[in-house]
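**Q** Have a look at this one.
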Amino acid sequence: MSAVLQDPTPFLRPMSKVDLASVLVVETSAYSHPWSEAILLDCLRVGYSCWVCELGEDVVGHAVMSVAVGEAHLLNLCVSPEWQGVGIGRRLLRRMLRVAADRQADTMFLEVRTSNLGARGLYESEGFGEIGRRRGYYPATEGGREDALVYAKALL
Ligand SMILES: CC(C)(COP(=O)(O)OP(=O)(O)OC[C@H]1O[C@@H](n2cnc3c(N)ncnc32)[C@H](O)[C@@H]1OP(=O)(O)O)[C@@H](O)C(=O)NCCC(=O)NCCS
C-alpha cells in the first residue's frame, strides 16, 4: 500500500471533458499501454458510462463502461499508482455494477491481462468468473502479445 485513505473521502461522479487532462495523467501513469485522449473523447461522445473518482481536488481514478442490449462491458478501470490498494478500484467497480444494473443489464463482461493478478483478485472478489480467453489480445513489452481472460458476472 502506498497511501493511507483517511480524509478527504473519495467522491465518484460522471466524467466530463474538463477531466480529460487529469484522467490522462492517471491513465499514463497506471498502464503500460494507456488509452489516448482521442479514445477517451470518443467514449464520452458516444455516451458510454464514464466516471471519475475525486479525492479532494484531484482525480485519482476512472472507469469506462458501455451498456447495450442487456450487456455491460467494463472497458477501463484505473487508479493512480499513488492511490492503489486503498479501496478506490473496488468503489469504482461497485458503482459501475450499480449503474449497469440500473440500466437493466443482466451481465457485465470485461477483459483482463492474464498477468494482472491485482485486477483479477479484485474482479474475483466481486463475483466475476472466468468464461474465456482471447489469445494475443493485448500488446505486451518488446512487441509481444499477451492473452486476455474474459470475465463475466450476472447482475440479476
Ligand atoms: C486494478 C486496479 C483498478 C485496482 O484498484 P485498487 O484501488 O488498487 O484496488 P483496491 O484497493 O480497491 O483493492 C481491491 C482488491 O483488488 C485486489 N488487489 C489490488 N491490488 C492487488 C495486488 N497488488 N495484488 C493482489 N491483489 C490486489 C485485492 O483483492 C483487493 O482486495 P483487498 O484489499 O480486500 O485484498 C488498480 O490497481 C489499477 O488501476 N491498476 C492499473 C490499471 C489496471 O490494471 N486496470 C485493470 C484493467 S482490467
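In the C-alpha cells, each chain is lettered A, B, ... as it comes, each chain's residues begin at 1, and ligands are numbered from 1 in order of appearance.
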For ligand 1, list the contacting residues at 6 Å or closer, counting only C-alpha atoms and all ligand atoms, as a count of residues only.
**A** 20
**Q** I want to know what sits within 8 Å of Ala72 of chain A, based on only C-alpha atoms, with residues of the same chain fewer than 3 positions away left out; could you give that as a list in words?
**A**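 Listing them by chain and then by number gives Met65, Ser66, Val67, Ala68, Ala100, Ala105, Asp106, Thr107, Met108 and Phe109 of chain A.
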**Q** With only C-alpha atoms as the basis for distance, which of A:Ala154, A:Trp83, A:Arg91, A:Glu124 is at the shortest distance from Ala63 of chain A?
**A** A:Arg91
**Q** Taking 5 positions as the minimum chain separation for residues in the same chain, which residues sit within 9 Å of His33 of chain A when counting only C-alpha atoms? Answer as a VMD selection string.
**A** chain A and resid 27 to 28 138 to 140
**Q** Interatomic distance between atom CA of Arg45 of chain A and atom CA of Met15 of chain A?
**A**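 Rounded to one decimal, the two atoms are 11.5 Å apart.
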**Q** I need the residues in segment 6-151 of chain A that are alpha helix (DSSP H) according to DSSP; give them as an MDAnalysis selection string.
**A** chainID A and resid 20:30 37:45 88:102 117:125
**Q** Mind listing the strand (DSSP E or B) residues of chain A, per DSSP on the backbone, as an NGL selection string?
**A** :A and (11-14 or 49-55 or 58-68 or 71-79 or 107-113 or 129-139 or 145-154)
**Q** Rounded to one decimal place, report the atom CA of Ser36 of chain A-atom CA of Arg135 of chain A distance in Å.
**A**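 So the two atoms, atom CA of Ser36 of chain A and atom CA of Arg135 of chain A, lie 23.5 Å apart.
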**Q** Within 8 Å of Leu12 of chain A, counting only C-alpha atoms, which residues show up once you throw out same-chain ones fewer than 2 positions away? Write them as a PyMOL selection string, please.
**A** chain A and resi 10+14+51-54+92
